[in-house]
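Trainee: My structure file upload_5.cif, mmCIF, C-alpha atoms, is below:
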```
data_run
#
loop_
_atom_site.label_atom_id
_atom_site.label_comp_id
_atom_site.auth_asym_id
_atom_site.auth_seq_id
_atom_site.Cartn_x
_atom_site.Cartn_y
_atom_site.Cartn_z
CA MET I 1 0.00 0.00 0.00
CA THR I 2 1.42 3.40 -0.96
CA SER I 3 1.80 6.20 1.55
CA THR I 4 -0.69 8.34 -0.36
CA SER I 5 -3.43 5.78 0.18
CA ARG I 6 -2.98 5.56 3.94
CA PRO I 7 -4.87 8.78 4.82
CA GLN I 8 -7.72 7.53 2.66
CA GLU I 9 -7.73 4.24 4.57
CA LEU I 10 -8.13 6.12 7.84
CA HIS I 11 -11.35 7.62 6.46
CA SER I 12 -12.68 4.23 5.41
CA GLY I 13 -15.59 2.81 7.36
CA ARG I 14 -14.38 -0.69 6.46
CA PHE I 15 -10.99 0.01 8.07
CA TRP I 16 -12.44 1.12 11.39
CA ARG I 17 -15.06 -1.61 11.38
CA GLU I 18 -12.31 -4.21 11.08
CA VAL I 19 -10.32 -2.57 13.88
CA LEU I 20 -13.39 -2.55 16.12
CA ALA I 21 -14.06 -6.19 15.26
CA GLU I 22 -10.57 -7.08 16.48
CA ALA I 23 -11.17 -5.24 19.76
CA VAL I 24 -14.54 -6.95 20.31
CA ALA I 25 -13.20 -10.36 19.32
CA THR I 26 -10.23 -10.10 21.70
CA LEU I 27 -12.51 -8.86 24.47
CA ILE I 28 -14.86 -11.82 24.01
CA PHE I 29 -12.06 -14.37 23.70
CA THR I 30 -10.23 -13.08 26.76
CA GLY I 31 -13.45 -12.80 28.75
CA VAL I 32 -14.45 -16.36 27.90
CA VAL I 33 -11.09 -17.75 28.98
CA LEU I 34 -11.06 -15.69 32.18
CA GLY I 35 -14.60 -16.75 33.06
CA ALA I 36 -13.83 -20.41 32.43
CA SER I 37 -10.65 -20.16 34.51
CA ALA I 38 -12.80 -20.34 37.64
CA ALA I 39 -12.99 -24.08 37.00
CA PRO I 40 -10.09 -26.19 38.32
CA GLY I 41 -7.51 -27.38 35.83
CA PRO I 42 -6.55 -26.15 32.36
CA LEU I 43 -9.03 -28.19 30.33
CA VAL I 44 -12.12 -26.00 30.78
CA PRO I 45 -10.41 -22.70 29.84
CA ALA I 46 -8.77 -24.37 26.83
CA LEU I 47 -12.09 -25.82 25.66
CA ALA I 48 -13.92 -22.53 26.21
CA GLY I 49 -11.23 -20.60 24.34
CA GLY I 50 -11.32 -22.97 21.39
CA LEU I 51 -15.09 -22.81 21.15
CA ALA I 52 -15.02 -19.03 21.45
CA ALA I 53 -12.50 -18.81 18.60
CA GLY I 54 -14.83 -20.87 16.44
CA THR I 55 -17.85 -18.72 17.17
CA LEU I 56 -15.91 -15.50 16.60
CA SER I 57 -14.78 -16.78 13.23
CA CYS I 58 -18.44 -17.14 12.27
CA ALA I 59 -19.65 -13.95 13.89
CA LEU I 60 -16.92 -11.47 12.96
CA GLY I 61 -15.31 -12.83 9.84
CA ALA I 62 -12.29 -14.68 11.25
CA PRO I 63 -10.61 -11.97 13.31
CA GLN I 64 -7.05 -12.60 14.46
CA ALA I 65 -7.69 -11.57 18.11
CA ASN I 66 -4.04 -12.34 18.79
CA PRO I 67 -1.12 -9.88 18.55
CA ALA I 68 1.28 -12.75 17.79
CA LEU I 69 -0.69 -13.66 14.67
CA THR I 70 -0.94 -10.02 13.65
CA LEU I 71 2.82 -9.54 13.97
CA ALA I 72 3.38 -12.68 11.90
CA LEU I 73 1.15 -11.25 9.16
CA LEU I 74 3.08 -7.98 9.32
CA CYS I 75 6.43 -9.75 9.01
CA THR I 76 5.23 -11.69 5.96
CA HIS I 77 3.79 -8.55 4.32
CA LYS I 78 0.26 -9.89 4.37
CA LEU I 79 -0.86 -6.95 6.48
CA GLY I 80 -0.06 -3.28 5.97
CA ALA I 81 1.83 -1.37 8.65
CA LEU I 82 -0.97 1.11 9.35
CA ARG I 83 -3.68 -1.51 9.58
CA GLY I 84 -1.45 -3.81 11.58
CA ALA I 85 -0.65 -1.12 14.13
CA ALA I 86 -4.32 -0.24 14.53
CA VAL I 87 -5.27 -3.91 14.91
CA LEU I 88 -2.55 -4.47 17.53
CA LEU I 89 -3.76 -1.54 19.60
CA ALA I 90 -7.36 -2.72 19.31
CA GLN I 91 -6.46 -6.23 20.42
CA CYS I 92 -4.55 -4.99 23.45
CA ALA I 93 -7.38 -2.62 24.36
CA GLY I 94 -9.93 -5.43 24.12
CA ALA I 95 -7.88 -7.72 26.33
CA VAL I 96 -7.32 -5.02 28.98
CA LEU I 97 -11.01 -4.14 28.96
CA ALA I 98 -11.98 -7.80 29.41
CA ALA I 99 -9.57 -8.25 32.32
CA THR I 100 -10.73 -5.03 33.95
CA ALA I 101 -14.37 -6.01 33.63
CA ALA I 102 -13.66 -9.47 35.08
CA ARG I 103 -11.92 -7.93 38.07
CA LEU I 104 -14.75 -5.46 38.70
CA VAL I 105 -17.32 -8.21 38.40
CA SER I 106 -15.57 -10.18 41.13
CA ALA I 107 -16.37 -7.35 43.54
CA ALA I 108 -19.99 -6.93 42.45
CA GLY I 109 -21.52 -9.56 44.76
CA THR I 110 -23.23 -12.80 43.80
CA ALA I 111 -26.17 -11.26 41.91
CA GLY I 112 -23.96 -8.68 40.22
CA GLN I 113 -21.52 -11.33 39.07
CA ALA I 114 -24.29 -13.50 37.69
CA LEU I 115 -25.85 -10.54 35.87
CA CYS I 116 -22.59 -9.52 34.23
CA TRP I 117 -21.73 -13.04 33.12
CA GLU I 118 -25.24 -13.57 31.71
CA ILE I 119 -24.94 -10.36 29.68
CA PHE I 120 -21.53 -11.40 28.41
CA ALA I 121 -22.43 -15.01 27.59
CA THR I 122 -25.66 -14.03 25.83
CA PHE I 123 -23.89 -11.29 23.87
CA GLN I 124 -21.52 -13.75 22.20
CA LEU I 125 -24.37 -16.19 21.55
CA ALA I 126 -26.63 -13.55 20.01
CA LEU I 127 -23.80 -12.12 17.91
CA THR I 128 -23.19 -15.59 16.49
CA THR I 129 -26.91 -16.05 15.87
CA PHE I 130 -27.21 -12.83 13.86
CA ALA I 131 -24.12 -13.64 11.81
CA SER I 132 -25.10 -17.23 11.05
CA THR I 133 -28.54 -16.21 9.79
CA ASN I 134 -26.99 -13.67 7.40
CA HIS I 135 -24.36 -15.90 5.81
CA GLU I 136 -25.32 -19.16 4.14
CA SER I 137 -21.72 -20.38 4.31
CA VAL I 138 -21.77 -20.35 8.11
CA PRO I 139 -22.73 -23.76 9.63
CA THR I 140 -25.53 -22.44 11.83
CA GLY I 141 -26.03 -25.44 14.08
CA LEU I 142 -22.35 -25.94 14.78
CA ALA I 143 -21.73 -22.22 15.37
CA LEU I 144 -24.64 -21.88 17.79
CA GLY I 145 -23.72 -25.09 19.58
CA CYS I 146 -20.17 -23.84 20.13
CA ALA I 147 -21.47 -20.46 21.34
CA ILE I 148 -23.81 -22.11 23.85
CA ILE I 149 -21.09 -24.38 25.24
CA ALA I 150 -18.62 -21.49 25.46
CA GLY I 151 -21.22 -19.36 27.25
CA ALA I 152 -22.05 -22.14 29.68
CA LEU I 153 -18.37 -22.68 30.51
CA THR I 154 -17.97 -18.93 31.00
CA GLY I 155 -20.76 -18.56 33.55
CA PRO I 156 -19.43 -20.12 36.79
CA PHE I 157 -21.51 -17.72 38.90
CA SER I 158 -24.73 -17.87 36.92
CA GLY I 159 -24.73 -21.30 35.28
CA GLY I 160 -24.62 -19.73 31.81
CA SER I 161 -28.36 -19.75 31.19
CA MET I 162 -28.48 -17.24 28.27
CA ASN I 163 -32.18 -18.02 28.00
CA PRO I 164 -34.96 -16.63 30.26
CA ALA I 165 -37.28 -19.52 29.40
CA ARG I 166 -34.65 -22.03 30.45
CA SER I 167 -34.51 -20.38 33.87
CA LEU I 168 -38.24 -19.69 34.20
CA GLY I 169 -39.34 -23.32 33.85
CA PRO I 170 -37.28 -24.69 36.73
CA ALA I 171 -38.16 -21.67 38.89
CA ILE I 172 -41.89 -22.33 38.48
CA VAL I 173 -41.57 -26.05 39.16
CA THR I 174 -39.24 -25.76 42.15
CA GLY I 175 -40.58 -22.50 43.54
CA ILE I 176 -37.06 -21.11 43.87
CA TRP I 177 -37.01 -17.50 42.68
CA ASP I 178 -33.78 -16.24 44.25
CA ASN I 179 -32.32 -13.53 41.99
CA HIS I 180 -34.50 -14.76 39.15
CA TRP I 181 -34.51 -11.27 37.63
CA VAL I 182 -30.86 -11.83 36.69
CA TYR I 183 -31.87 -14.47 34.15
CA TRP I 184 -34.19 -12.03 32.38
CA VAL I 185 -32.27 -8.77 32.58
CA GLY I 186 -28.89 -10.30 31.71
CA PRO I 187 -29.85 -12.28 28.60
CA VAL I 188 -32.16 -9.56 27.29
CA LEU I 189 -29.50 -6.86 27.63
CA GLY I 190 -26.82 -9.09 26.11
CA ALA I 191 -28.97 -10.11 23.16
CA VAL I 192 -30.22 -6.60 22.40
CA LEU I 193 -26.72 -5.16 22.60
CA ALA I 194 -25.38 -7.87 20.27
CA GLY I 195 -28.22 -7.30 17.82
CA LEU I 196 -27.56 -3.57 17.69
CA CYS I 197 -23.81 -4.10 17.27
CA TYR I 198 -24.25 -6.56 14.43
CA GLU I 199 -27.02 -4.75 12.56
CA PHE I 200 -25.43 -1.31 12.71
CA ILE I 201 -21.68 -2.03 12.86
CA PHE I 202 -20.62 -5.52 11.76
CA GLY I 203 -23.45 -6.79 9.53
CA PRO I 204 -23.31 -6.80 5.71
CA GLY I 205 -25.89 -3.99 5.52
CA ALA I 206 -24.45 -1.90 8.34
CA SER I 207 -24.02 1.80 7.68
CA ARG I 208 -23.88 5.10 9.47
CA GLU I 209 -27.12 6.15 7.82
CA LYS I 210 -28.88 3.00 9.03
CA LEU I 211 -27.76 3.63 12.61
CA CYS I 212 -28.91 7.26 12.47
CA ALA I 213 -32.29 6.13 11.13
CA CYS I 214 -32.70 3.72 14.05
CA LEU I 215 -31.70 6.32 16.63
CA THR I 216 -34.16 8.84 15.18
CA CYS I 217 -36.97 6.26 14.88
CA ARG I 218 -37.08 6.50 11.09
CA ASP I 219 -37.79 3.59 8.75
CA VAL I 220 -34.57 1.59 8.55
CA ALA I 221 -35.84 -0.32 5.51
CA LEU I 222 -35.84 2.88 3.46
CA VAL I 223 -32.21 3.48 4.33
CA GLU I 224 -31.26 -0.09 3.40
CA THR I 225 -32.57 0.39 -0.15
CA THR I 226 -30.37 3.41 -0.80
CA THR I 227 -26.76 3.32 -1.88
CA PRO I 228 -24.37 3.81 1.05
CA SER I 229 -22.23 6.91 1.03
CA PRO I 230 -18.43 6.72 0.69
CA SER I 231 -18.11 7.39 4.42
CA SER I 232 -20.28 4.43 5.31
CA PRO I 233 -18.87 1.00 6.16
CA SER I 234 -18.76 -1.38 3.24
CA THR I 235 -21.72 -3.70 2.83
CA ALA I 236 -19.36 -6.63 2.30
CA PRO I 237 -18.89 -9.10 5.15
CA LEU I 238 -15.84 -8.59 7.37
CA SER I 239 -14.23 -11.72 5.98
CA ALA I 240 -14.38 -10.21 2.51
CA ALA I 241 -13.00 -6.93 3.80
CA ARG I 242 -9.85 -8.72 4.90
CA THR I 243 -8.86 -9.71 1.33
CA PRO I 244 -7.89 -6.64 -0.72
CA PRO I 245 -6.79 -6.82 -4.36
CA ALA I 246 -3.64 -8.86 -4.94
CA SER I 247 -1.87 -5.79 -6.27
CA GLN I 248 -1.73 -4.38 -2.74
CA GLY I 249 0.23 -7.38 -1.50
CA GLN I 250 -1.84 -7.78 1.69
CA GLY I 251 -3.63 -11.07 1.47
CA MET I 252 -5.02 -10.86 5.02
CA ALA I 253 -5.45 -7.09 5.41
#
```
The structure given in the file should be rewritten as structure tokens.
Mentor:
Amino acid sequence: MTSTSRPQELHSGRFWREVLAEAVATLIFTGVVLGASAAPGPLVPALAGGLAAGTLSCALGAPQANPALTLALLCTHKLGALRGAAVLLAQCAGAVLAATAARLVSAAGTAGQALCWEIFATFQLALTTFASTNHESVPTGLALGCAIIAGALTGPFSGGSMNPARSLGPAIVTGIWDNHWVYWVGPVLGAVLAGLCYEFIFGPGASREKLCACLTCRDVALVETTTPSPSSPSTAPLSAARTPPASQGQGMA
């Protein structure tokens, strides 16, 4: 990539969407591993991390979520210096944010911990759900199954419900309603947040105009039928955004 094209890349919605995807992916991956680390032994964190990596590949177009991989791509000229630097910073920021959140959650009390983990676990599940329904190439059943297992392994304080109905049934039958609100508020917040993120940031039809239409209660469908402006994120999936023309010499950028 020539130096004259770099300022233009900084104004590209696709560029910043990919950087944000790396931050979110690293946050989710780190959070999943940290949450699963409450279990004794290394097997559960390893399994949770592997499943999380699989779901993130489906949900966010195969992000690297690993500075070591990003540096390897930089050294082999498959990633431009500007994009690589931005991705590295995003990955580190996502990991620090995940660790900070995990530490704060540990001081939030039993109900607070359960609420936070339910939001987190449901967020990654819902993000995978939105992505798998938009891309025919994504194996929906496998992706959702991995997301559910990863979420369950991540929720040592809440049981990883991610589903209000799943918690409501046993509560009615057993008559145990202790902190039942957690299993409604947490999953609903996590799912809604994931839906908004995917539809207006990461999804194929995401655009700045679409987000503004939603925030101002205008008809989003009308915005979707118009041609996105040059400042809007590309309508191509993130996985496609990572493969620029061969002439640029950045096969994974």
Trainee: What does the PyMOL selection byres ((chain I and resi 191) around 8) select in this file, as a list in words?
Mentor: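 In the shown coordinates, the PyMOL selection byres ((chain I and resi 191) around 8) covers Ile119, Thr122, Phe123, Leu125, Ala126, Leu127, Pro187, Val188, Leu189, Gly190, Val192, Leu193, Ala194 and Gly195 of chain I.
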Trainee: Around (-8.7, 1.4, 19.1) in the file's own coordinates, what residues are found within 10 Å if you use all atoms listed in the file, given back as a ChimeraX atom specification?
Mentor: /I:16,19-20,22-23,85-94
Trainee: Grab the residues selected above and save them as a JSON list (two decimals), in the frame of the given file with C-alpha atoms.
Mentor:
```
[["chain", "number", "residue", "atom", "x", "y", "z"],
["I", 16, "TRP", "CA", -12.44, 1.12, 11.39],
["I", 19, "VAL", "CA", -10.32, -2.57, 13.88],
["I", 20, "LEU", "CA", -13.39, -2.55, 16.12],
["I", 22, "GLU", "CA", -10.57, -7.08, 16.48],
["I", 23, "ALA", "CA", -11.17, -5.24, 19.76],
["I", 85, "ALA", "CA", -0.65, -1.12, 14.13],
["I", 86, "ALA", "CA", -4.32, -0.24, 14.53],
["I", 87, "VAL", "CA", -5.27, -3.91, 14.91],
["I", 88, "LEU", "CA", -2.55, -4.47, 17.53],
["I", 89, "LEU", "CA", -3.76, -1.54, 19.60],
["I", 90, "ALA", "CA", -7.36, -2.72, 19.31],
["I", 91, "GLN", "CA", -6.46, -6.23, 20.42],
["I", 92, "CYS", "CA", -4.55, -4.99, 23.45],
["I", 93, "ALA", "CA", -7.38, -2.62, 24.36],
["I", 94, "GLY", "CA", -9.93, -5.43, 24.12]]
```
Trainee: Can you work out which one of I:His77, I:Val33, I:Ala121, I:Ala68 has the shortest atom-to-atom distance to Gly151 (chain I), counting only C-alpha atoms?
Mentor: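 Among the listed residues, I:Ala121 lies closest to Gly151 (chain I).
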Trainee: Please evaluate the PyMOL selection byres ((chain I and resi 58) around 9) against the displayed coordinates and give the resulting residues as a list in words.
Mentor: Ala53, Gly54, Thr55, Leu56, Ser57, Ala59, Leu60, Gly61, Ala62, Thr128, Ala131, Ser132, His135, Val138, Pro139, Thr140 and Ala143 of chain I
Trainee: Rank I:Gly50, I:Arg14, I:Leu196, I:Asp178 by their smallest atom-to-atom distance to Ile149 (chain I), using all atoms listed in the file, and report the top residue only.
Mentor: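 Looking only at the distances to Ile149 (chain I), the closest residue turns out to be I:Gly50.
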Trainee: For the PyMOL selection byres ((chain I and resi 27) around 7), applied here, can you spell out every residue it catches as a list in words?
Mentor: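 So the PyMOL selection byres ((chain I and resi 27) around 7), applied here, picks out Ala23, Val24, Ala25, Thr26, Ile28, Phe29, Thr30, Gly31, Gly94, Ala95, Leu97 and Ala98 of chain I.
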Trainee: Give me, please, the distance in Å between CA of Val32 (chain I) and CA of Ala48 (chain I), quoted to one decimal.
Mentor: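 Separating CA of Val32 (chain I) from CA of Ala48 (chain I) is a distance of 6.4 Å.
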Trainee: Would you mind listing what lies within 8 Å of region 104-113 of chain I as a PyMOL selection string, with all atoms listed in the file counted and same-chain residues fewer than 4 positions away left out?
Mentor: chain I and resi 100+117+157-158+179+182
Trainee: Could you write those residues out with C-alpha atoms, as a compact mmCIF listing (two decimals), keeping the file's coordinate frame?
Mentor:
```txt
# COMPACT_ATOMS: atom_id res chain seq x y z
CA THR I 100 -10.73 -5.03 33.95
CA TRP I 117 -21.73 -13.04 33.12
CA PHE I 157 -21.51 -17.72 38.90
CA SER I 158 -24.73 -17.87 36.92
CA ASN I 179 -32.32 -13.53 41.99
CA VAL I 182 -30.86 -11.83 36.69
```
Trainee: Restricting the calculation to all atoms listed in the file, which member of I:Cys212, I:Ala114, I:Cys75, I:Ala81 is positioned closest to His180 (chain I)?
Mentor: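 Of I:Cys212, I:Ala114, I:Cys75, I:Ala81, the one nearest His180 (chain I) is I:Ala114, counting all atoms listed in the file.
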Trainee: First collect every listed atom of region 196-215 of chain I; then fit an axis-aligned box around them, widen it by 4 Å on each side, and give centre and edge lengths in Å to one decimal, as lines of an AutoDock Vina configuration file.
Mentor:
```
center_x = -26.7
center_y = 0.2
center_z = 11.6
size_x = 20.1
size_y = 22.1
size_z = 20.2
```
Trainee: Work out how far apart CA of Thr216 (chain I) and CA of Gly203 (chain I) are and give it in Å to one decimal.
Mentor: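 Straight-line distance from CA of Thr216 (chain I) to CA of Gly203 (chain I) works out to 19.8 Å.
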Trainee: Please, what distance in Å, to one decimal, runs between CA of Ala99 (chain I) and CA of Leu34 (chain I)?
Mentor: 7.6 Å
Trainee: Which is closer to Ala102 (chain I) than all the others in I:Ala38, I:Leu10, I:Leu71, I:Ala171, using all atoms listed in the file?
Mentor: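 The shortest atom-to-atom distance to Ala102 (chain I) comes from I:Ala38.
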Trainee: From the set I:Glu199, I:Pro42, I:Leu115, I:Ala21, which residue has the shortest atom-to-atom contact distance to Pro63 (chain I), counting all atoms listed in the file?
Mentor: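 Among the listed residues, I:Ala21 lies closest to Pro63 (chain I).
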Trainee: Considering only C-alpha atoms, return as an NGL selection string whatever protein or nucleic-acid residues lie within 12 Å of Leu215 (chain I), sequence-local ones (same chain, fewer than 5 positions apart) excluded.
Mentor: :I and (196 or 200 or 208-210 or 220)
Trainee: Ranking I:Ala150, I:Cys217, I:Ala206, I:Ile172 by minimum distance to Pro45 (chain I) and counting only C-alpha atoms, which one comes first?
Mentor: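 Smallest distance to Pro45 (chain I) is found for I:Ala150.
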Trainee: Could region 75-90 of chain I be completed with N, CA, C and O atoms and returned as a compact mmCIF listing (two decimals), keeping the file's coordinate frame?
Mentor:
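Written output follows (out.txt):
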```txt
# COMPACT_ATOMS: atom_id res chain seq x y z
N CYS I 75 5.09 -9.33 9.42
CA CYS I 75 6.43 -9.75 9.01
C CYS I 75 6.43 -10.41 7.63
O CYS I 75 7.45 -10.37 6.92
N THR I 76 5.32 -11.03 7.26
CA THR I 76 5.23 -11.69 5.96
C THR I 76 4.54 -10.82 4.91
O THR I 76 4.19 -11.29 3.84
N HIS I 77 4.35 -9.54 5.25
CA HIS I 77 3.79 -8.55 4.32
C HIS I 77 2.38 -8.92 3.85
O HIS I 77 1.99 -8.58 2.73
N LYS I 78 1.66 -9.61 4.68
CA LYS I 78 0.26 -9.89 4.37
C LYS I 78 -0.68 -8.91 5.06
O LYS I 78 -1.89 -9.01 4.95
N LEU I 79 -0.10 -7.97 5.79
CA LEU I 79 -0.86 -6.95 6.48
C LEU I 79 -0.07 -5.66 6.44
O LEU I 79 1.14 -5.66 6.72
N GLY I 80 -0.73 -4.56 6.05
CA GLY I 80 -0.06 -3.28 5.97
C GLY I 80 0.32 -2.75 7.34
O GLY I 80 -0.28 -3.11 8.35
N ALA I 81 1.33 -1.88 7.38
CA ALA I 81 1.83 -1.37 8.65
C ALA I 81 0.77 -0.57 9.40
O ALA I 81 0.60 -0.72 10.61
N LEU I 82 0.04 0.28 8.70
CA LEU I 82 -0.97 1.11 9.35
C LEU I 82 -2.09 0.26 9.92
O LEU I 82 -2.47 0.40 11.09
N ARG I 83 -2.60 -0.64 9.11
CA ARG I 83 -3.68 -1.51 9.58
C ARG I 83 -3.19 -2.43 10.69
O ARG I 83 -3.89 -2.68 11.66
N GLY I 84 -1.98 -2.93 10.55
CA GLY I 84 -1.45 -3.81 11.58
C GLY I 84 -1.30 -3.11 12.92
O GLY I 84 -1.62 -3.68 13.97
N ALA I 85 -0.81 -1.87 12.88
CA ALA I 85 -0.65 -1.12 14.13
C ALA I 85 -1.99 -0.86 14.79
O ALA I 85 -2.15 -0.99 16.01
N ALA I 86 -2.99 -0.50 13.98
CA ALA I 86 -4.32 -0.24 14.53
C ALA I 86 -4.93 -1.50 15.11
O ALA I 86 -5.56 -1.48 16.18
N VAL I 87 -4.74 -2.63 14.43
CA VAL I 87 -5.27 -3.91 14.91
C VAL I 87 -4.59 -4.31 16.22
O VAL I 87 -5.24 -4.78 17.15
N LEU I 88 -3.28 -4.13 16.30
CA LEU I 88 -2.55 -4.47 17.53
C LEU I 88 -3.06 -3.66 18.72
O LEU I 88 -3.29 -4.21 19.80
N LEU I 89 -3.25 -2.38 18.52
CA LEU I 89 -3.76 -1.54 19.60
C LEU I 89 -5.17 -1.96 20.00
O LEU I 89 -5.51 -1.99 21.19
N ALA I 90 -5.99 -2.29 19.01
CA ALA I 90 -7.36 -2.72 19.31
C ALA I 90 -7.38 -4.02 20.09
O ALA I 90 -8.16 -4.19 21.04
```
